[in-house]
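Asker: Enclosed is the structure file protein-v4.txt (compact mmCIF, C-alpha atoms).
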```txt
# COMPACT_ATOMS: atom_id res chain seq x y z
CA MET P 1 7.31 -11.98 11.94
CA ALA P 2 10.37 -9.86 12.75
CA LYS P 3 11.29 -9.72 9.06
CA THR P 4 7.74 -8.64 8.15
CA ASN P 5 7.80 -5.90 10.78
CA LEU P 6 11.18 -4.70 9.51
CA LYS P 7 9.84 -4.42 5.96
CA ARG P 8 6.74 -2.60 7.20
CA ASN P 9 8.85 -0.18 9.24
CA THR P 10 11.19 0.45 6.31
CA LYS P 11 8.29 1.12 3.97
CA ASP P 12 6.73 3.51 6.48
CA ARG P 13 10.08 5.29 6.84
CA ILE P 14 10.31 5.75 3.07
CA ILE P 15 6.74 7.06 2.87
CA ASN P 16 7.24 9.51 5.74
CA SER P 17 10.51 10.74 4.23
CA ALA P 18 8.91 11.29 0.84
CA LYS P 19 5.92 13.00 2.43
CA LYS P 20 8.13 15.50 4.23
CA LEU P 21 10.29 16.22 1.19
CA PHE P 22 7.34 16.59 -1.19
CA ALA P 23 5.67 19.00 1.20
CA ASP P 24 8.84 20.99 1.97
CA GLN P 25 10.49 21.34 -1.44
CA GLY P 26 7.84 20.18 -3.89
CA TYR P 27 7.34 17.02 -5.91
CA GLN P 28 9.26 18.15 -8.99
CA LYS P 29 12.38 19.19 -7.06
CA THR P 30 12.52 16.03 -4.97
CA THR P 31 14.62 13.16 -6.30
CA VAL P 32 14.76 9.48 -5.43
CA MET P 33 18.26 10.15 -4.07
CA ASP P 34 16.82 12.80 -1.72
CA ILE P 35 14.19 10.38 -0.43
CA SER P 36 16.62 7.50 0.05
CA LYS P 37 19.03 9.73 1.98
CA GLN P 38 16.22 11.07 4.16
CA ALA P 39 15.12 7.49 4.89
CA GLY P 40 18.68 6.30 5.55
CA LEU P 41 18.64 3.83 2.66
CA SER P 42 20.43 3.29 -0.62
CA GLU P 43 18.55 4.05 -3.83
CA ALA P 44 18.65 0.34 -4.67
CA ALA P 45 16.97 -0.48 -1.35
CA LEU P 46 14.24 2.08 -1.99
CA TYR P 47 13.47 0.53 -5.37
CA GLU P 48 12.77 -2.76 -3.60
CA TYR P 49 9.67 -1.09 -2.14
CA PHE P 50 8.62 1.50 -4.75
CA GLN P 51 9.11 1.89 -8.48
CA GLY P 52 10.03 5.56 -8.14
CA LYS P 53 8.87 8.87 -6.77
CA GLU P 54 5.58 8.85 -8.72
CA ASP P 55 4.75 5.50 -7.18
CA LEU P 56 5.43 7.07 -3.79
CA LEU P 57 3.30 10.11 -4.58
CA LEU P 58 0.36 7.88 -5.44
CA ALA P 59 0.83 5.71 -2.34
CA ILE P 60 1.27 8.38 0.33
CA PRO P 61 -2.33 9.58 0.79
CA ASP P 62 -3.98 6.17 0.46
CA LEU P 63 -3.90 5.34 4.17
CA TRP P 64 -5.05 8.84 5.13
CA VAL P 65 -8.09 8.81 2.83
CA SER P 66 -8.98 5.26 3.94
CA GLU P 67 -8.96 6.45 7.56
CA LEU P 68 -11.25 9.36 6.64
CA ILE P 69 -13.80 6.96 5.18
CA LYS P 70 -13.83 4.86 8.34
CA ASP P 71 -14.11 7.91 10.60
CA LEU P 72 -16.91 9.66 8.69
CA LYS P 73 -19.57 7.05 9.38
CA GLU P 74 -18.90 7.32 13.11
CA GLN P 75 -18.90 11.12 13.00
CA LEU P 76 -22.33 11.29 11.34
CA PHE P 77 -23.92 8.63 13.54
CA GLY P 78 -26.96 9.91 15.45
CA ILE P 79 -27.05 13.36 13.85
CA LYS P 80 -30.56 14.38 12.78
CA GLY P 81 -31.29 16.71 9.90
CA ALA P 82 -29.60 17.01 6.52
CA PHE P 83 -28.17 20.47 7.19
CA ASN P 84 -26.76 19.35 10.53
CA LYS P 85 -25.05 16.48 8.74
CA LEU P 86 -23.66 18.84 6.10
CA ARG P 87 -22.38 21.13 8.81
CA LYS P 88 -20.75 18.25 10.65
CA TYR P 89 -19.19 16.99 7.41
CA LEU P 90 -17.66 20.39 6.64
CA TRP P 91 -16.30 21.06 10.12
CA TRP P 92 -15.04 17.47 10.54
CA TYR P 93 -13.31 17.44 7.14
CA LEU P 94 -11.51 20.74 7.70
CA HIS P 95 -10.49 19.61 11.17
CA ARG P 96 -8.93 16.48 9.69
CA ILE P 97 -7.15 18.64 7.09
CA GLU P 98 -5.64 20.78 9.85
CA GLU P 99 -4.57 17.62 11.69
CA ALA P 100 -2.74 16.23 8.63
CA PRO P 101 -1.43 19.21 6.63
CA LEU P 102 1.34 17.25 4.89
CA ASP P 103 -1.13 14.68 3.54
CA ALA P 104 -3.48 17.48 2.49
CA LYS P 105 -0.71 19.38 0.74
CA ILE P 106 0.35 16.33 -1.23
CA VAL P 107 -3.22 15.46 -2.24
CA TYR P 108 -4.35 18.98 -3.16
CA LEU P 109 -1.20 20.54 -4.60
CA PHE P 110 0.62 17.59 -6.18
CA LEU P 111 -1.46 14.43 -6.52
CA LYS P 112 -4.62 15.95 -8.04
CA THR P 113 -2.58 17.49 -10.85
CA ASN P 114 -0.92 14.17 -11.67
CA ALA P 115 -2.09 12.61 -14.93
CA ASN P 116 -2.45 9.20 -13.29
CA PHE P 117 -4.49 10.37 -10.30
CA MET P 118 -7.85 9.18 -11.65
CA SER P 119 -6.52 5.62 -12.04
CA THR P 120 -5.35 5.36 -8.43
CA GLU P 121 -6.88 3.69 -5.40
CA VAL P 122 -6.84 7.10 -3.71
CA TYR P 123 -9.19 8.51 -6.33
CA SER P 124 -11.54 5.55 -5.86
CA ASN P 125 -11.57 6.16 -2.12
CA VAL P 126 -12.15 9.90 -2.57
CA LYS P 127 -15.25 9.07 -4.61
CA ILE P 128 -16.47 6.85 -1.77
CA LEU P 129 -15.81 9.64 0.73
CA TYR P 130 -17.79 12.15 -1.32
CA SER P 131 -20.64 9.73 -2.08
CA ASN P 132 -21.91 10.28 1.46
CA LEU P 133 -22.89 13.79 0.41
CA ILE P 134 -25.37 12.42 -2.14
CA ASP P 135 -27.16 10.56 0.67
CA ILE P 136 -27.33 13.74 2.73
CA PHE P 137 -28.81 15.79 -0.12
CA GLU P 138 -31.33 13.04 -0.90
CA GLU P 139 -32.33 13.00 2.76
CA GLY P 140 -32.75 16.78 2.71
CA LYS P 141 -35.07 16.59 -0.30
CA ALA P 142 -37.13 13.80 1.27
CA SER P 143 -37.51 15.64 4.59
CA GLY P 144 -38.49 18.92 2.95
CA GLU P 145 -35.45 20.75 4.34
CA MET P 146 -34.05 21.20 0.85
CA LYS P 147 -35.55 22.18 -2.49
CA PHE P 148 -37.67 19.38 -3.94
CA ASP P 149 -36.04 19.82 -7.36
CA LEU P 150 -32.47 20.03 -6.04
CA ASN P 151 -30.07 17.93 -8.09
CA PRO P 152 -27.96 16.08 -5.47
CA TYR P 153 -25.02 15.73 -7.87
CA PHE P 154 -24.92 19.44 -8.73
CA ALA P 155 -25.32 20.26 -5.02
CA ARG P 156 -22.42 17.98 -4.16
CA THR P 157 -20.26 19.63 -6.81
CA ILE P 158 -20.96 23.04 -5.27
CA PHE P 159 -20.27 21.78 -1.75
CA ILE P 160 -17.03 19.99 -2.70
CA GLY P 161 -15.88 22.93 -4.80
CA THR P 162 -16.34 25.22 -1.82
CA MET P 163 -14.41 22.88 0.48
CA GLU P 164 -11.58 22.45 -1.98
CA HIS P 165 -11.28 26.18 -2.59
CA ILE P 166 -11.03 26.77 1.17
CA VAL P 167 -8.37 24.07 1.59
CA THR P 168 -6.30 24.96 -1.49
CA ARG P 169 -6.19 28.66 -0.62
CA TRP P 170 -5.14 27.80 2.95
CA LEU P 171 -2.32 25.57 1.68
CA LEU P 172 -1.12 28.17 -0.84
CA LYS P 173 -1.10 30.76 1.96
CA ASP P 174 1.29 28.48 3.93
CA MET P 175 -1.45 27.58 6.44
CA SER P 176 -1.02 31.01 8.03
CA TYR P 177 -4.56 31.21 9.42
CA SER P 178 -7.33 28.92 10.68
CA LEU P 179 -9.48 27.06 8.19
CA PHE P 180 -12.45 28.03 10.33
CA GLU P 181 -12.19 31.76 9.76
CA ASN P 182 -15.49 32.99 8.26
CA LEU P 183 -16.70 29.40 7.94
CA GLU P 184 -20.07 30.18 9.51
CA GLU P 185 -20.77 32.79 6.82
CA THR P 186 -19.68 30.40 4.08
CA PHE P 187 -21.91 27.65 5.41
CA ASP P 188 -24.87 30.03 5.67
CA LEU P 189 -24.47 30.82 1.96
CA LEU P 190 -24.52 27.11 1.14
CA VAL P 191 -27.64 26.62 3.26
CA ASP P 192 -29.38 29.46 1.43
CA ALA P 193 -28.54 27.84 -1.90
CA PHE P 194 -29.95 24.43 -0.96
CA LYS P 195 -32.84 25.03 1.45
CA ALA P 196 -36.50 24.88 0.48
CA LYS P 197 -38.58 28.04 0.67
CA ASP P 198 -40.04 28.67 4.14
CA SER P 199 -37.84 25.90 5.49
CA ARG P 200 -35.51 26.16 8.44
CA PRO P 201 -32.66 23.73 9.10
CA ALA P 202 -33.10 21.51 12.13
CA PRO P 203 -31.55 22.95 15.31
CA ASN P 204 -27.88 22.19 15.71
CA ASN P 205 -27.96 19.12 17.97
CA TYR P 206 -24.33 18.12 18.21
CA PRO P 207 -21.03 19.68 19.31
CA ILE P 208 -18.73 21.05 16.61
CA PRO P 209 -14.99 20.39 17.04
CA THR P 210 -12.65 23.33 16.90
CA THR P 211 -10.95 22.06 14.54
CA GLY P 212 -11.94 17.24 -4.19
CA GLY P 213 -13.84 17.28 -7.36
CA PHE P 214 -15.18 14.93 -9.97
CA SER P 215 -15.59 14.77 -13.77
CA ARG P 216 -18.91 15.13 -15.60
CA SER P 217 -20.45 11.70 -15.78
CA GLU P 218 -23.47 9.93 -14.38
CA LYS P 219 -25.42 13.01 -13.35
CA MET P 220 -22.32 14.87 -12.33
CA GLY P 221 -21.44 11.97 -10.03
CA GLU P 222 -17.79 12.60 -10.78
CA ARG P 223 -15.95 15.86 -11.32
```
Would you write the structure of this file as structure tokens?
Answerer:
Amino acid sequence: MAKTNLKRNTKDRIINSAKKLFADQGYQKTTVMDISKQAGLSEAALYEYFQGKEDLLLAIPDLWVSELIKDLKEQLFGIKGAFNKLRKYLWWYLHRIEEAPLDAKIVYLFLKTNANFMSTEVYSNVKILYSNLIDIFEEGKASGEMKFDLNPYFARTIFIGTMEHIVTRWLLKDMSYSLFENLEETFDLLVDAFKAKDSRPAPNNYPIPTTGGFSRSEKMGER
């Protein structure tokens, strides 16, 4: 048991070291030697856990995205109305981004531009995370809140694209302002794009905390 814990702690130390270095100096400029020194290990010891820095890049966000999937179901529990769920999703997601800026920076600025991203477990989990939006748009159509002819996959693409633009710009601006600046106005524009004529979103019935895309296939199910 002690040996297992030691290996787990060492692996976590390597991941945390790589995360900090990738975020601080960029993926391309970071070397395996840099990571091993930061973690207090030899390069040979690091290679016992990871094949190299790309392997680390692909592994870093996996736990974070898995935690998001688990948390989302609880966050949406008991919320009535499709627009209220969309609002909660947006505010919750941006809050989690602000809580984990290093993970967000690695995912949005480095991992998503990696040629192997779409073959990773992280990508599979991101698709699961975003699949909840399809259910929300379907619910909105069924309840009459949203346009009867709304394509849930196109709507999701618009919603995700908006979120990712907000997050990417924030990261490129060195996180120098709150993600929630002007968010109400942005959300109102999304509501106007999705809502049915003469329809009003259900009243906001839950507290709001102060707190990326797919390829064309299966009805725009992936961006």
Asker: Which residues are close to Phe148 of chain P, i.e. within 10 Å by all atoms listed in the file, leaving aside same-chain residues fewer than 2 positions away? Reply as JSON, numbers by chain.
Answerer: {"P": [138, 140, 141, 142, 143, 144, 145, 146, 150, 151, 194, 195, 196, 197]}
Asker: One decimal, Å: what's the distance from atom CA of Ala18 of chain P over to atom CA of Gly161 of chain P, could you say?
Answerer: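 Rounded to one decimal, the two atoms are 28.0 Å apart.
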Asker: So that I can see what lies close to segment 56-66 of chain P, please list as a PyMOL selection string the residues with an atom at most 10 Å from it, counting all atoms listed in the file and leaving out residues fewer than 5 positions away in the same chain.
Answerer: chain P and resi 12+14-16+18-19+22+27+32+35+49-51+71+96+100+102-107+110-112+114+116-117+119-126+128-129
Asker: Deliver the residues from the most recent selection as a file, using C-alpha atoms, as a JSON list (two decimals), in the coordinates of the input.
Answerer:
```json
[["chain", "number", "residue", "atom", "x", "y", "z"],
["P", 12, "ASP", "CA", 6.73, 3.51, 6.48],
["P", 14, "ILE", "CA", 10.31, 5.75, 3.07],
["P", 15, "ILE", "CA", 6.74, 7.06, 2.87],
["P", 16, "ASN", "CA", 7.24, 9.51, 5.74],
["P", 18, "ALA", "CA", 8.91, 11.29, 0.84],
["P", 19, "LYS", "CA", 5.92, 13.00, 2.43],
["P", 22, "PHE", "CA", 7.34, 16.59, -1.19],
["P", 27, "TYR", "CA", 7.34, 17.02, -5.91],
["P", 32, "VAL", "CA", 14.76, 9.48, -5.43],
["P", 35, "ILE", "CA", 14.19, 10.38, -0.43],
["P", 49, "TYR", "CA", 9.67, -1.09, -2.14],
["P", 50, "PHE", "CA", 8.62, 1.50, -4.75],
["P", 51, "GLN", "CA", 9.11, 1.89, -8.48],
["P", 71, "ASP", "CA", -14.11, 7.91, 10.60],
["P", 96, "ARG", "CA", -8.93, 16.48, 9.69],
["P", 100, "ALA", "CA", -2.74, 16.23, 8.63],
["P", 102, "LEU", "CA", 1.34, 17.25, 4.89],
["P", 103, "ASP", "CA", -1.13, 14.68, 3.54],
["P", 104, "ALA", "CA", -3.48, 17.48, 2.49],
["P", 105, "LYS", "CA", -0.71, 19.38, 0.74],
["P", 106, "ILE", "CA", 0.35, 16.33, -1.23],
["P", 107, "VAL", "CA", -3.22, 15.46, -2.24],
["P", 110, "PHE", "CA", 0.62, 17.59, -6.18],
["P", 111, "LEU", "CA", -1.46, 14.43, -6.52],
["P", 112, "LYS", "CA", -4.62, 15.95, -8.04],
["P", 114, "ASN", "CA", -0.92, 14.17, -11.67],
["P", 116, "ASN", "CA", -2.45, 9.20, -13.29],
["P", 117, "PHE", "CA", -4.49, 10.37, -10.30],
["P", 119, "SER", "CA", -6.52, 5.62, -12.04],
["P", 120, "THR", "CA", -5.35, 5.36, -8.43],
["P", 121, "GLU", "CA", -6.88, 3.69, -5.40],
["P", 122, "VAL", "CA", -6.84, 7.10, -3.71],
["P", 123, "TYR", "CA", -9.19, 8.51, -6.33],
["P", 124, "SER", "CA", -11.54, 5.55, -5.86],
["P", 125, "ASN", "CA", -11.57, 6.16, -2.12],
["P", 126, "VAL", "CA", -12.15, 9.90, -2.57],
["P", 128, "ILE", "CA", -16.47, 6.85, -1.77],
["P", 129, "LEU", "CA", -15.81, 9.64, 0.73]]
```
Asker: Segment 90-95 of chain P: which residues within 10 Å, counting all atoms listed in the file, same-chain residues fewer than 3 positions away excluded, as a PyMOL selection string?
Answerer: chain P and resi 68+71-72+75-76+84-87+98-100+159-160+162-164+166-167+178-180+183-184+187+208-211
Asker: Go through P:Ser176, P:Asn132, P:Thr186, P:Ser42 one by one, measure the shortest atom-to-atom distance of each to Lys70 of chain P using only C-alpha atoms, and give the residue with the smallest value.
Answerer: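 Of P:Ser176, P:Asn132, P:Thr186, P:Ser42, the one nearest Lys70 of chain P, counting only C-alpha atoms, is P:Asn132.
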Asker: Hey, which of P:Ile69, P:Leu41, P:Leu21, P:Ala193 ends up closest to Lys127 of chain P? Count all atoms listed in the file.
Answerer: P:Ile69
Asker: Can you tell me how far atom CA of Ala39 of chain P sits from atom CA of Asn5 of chain P, in Å to one decimal?
Answerer: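 Computing the Euclidean distance for atom CA of Ala39 of chain P and atom CA of Asn5 of chain P yields 16.4 Å.
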Asker: Using Å and a single decimal, report how far atom CA of Ile97 of chain P sits from atom CA of Leu133 of chain P.
Answerer: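 Distance between the two atoms: 17.8 Å.
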Asker: Under the rule that only C-alpha atoms are counted, which of P:Thr30, P:Leu189, P:Glu43, P:Ala23 is the nearest residue to Leu171 of chain P?
Answerer: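 Smallest separation from Leu171 of chain P among the options: P:Ala23.
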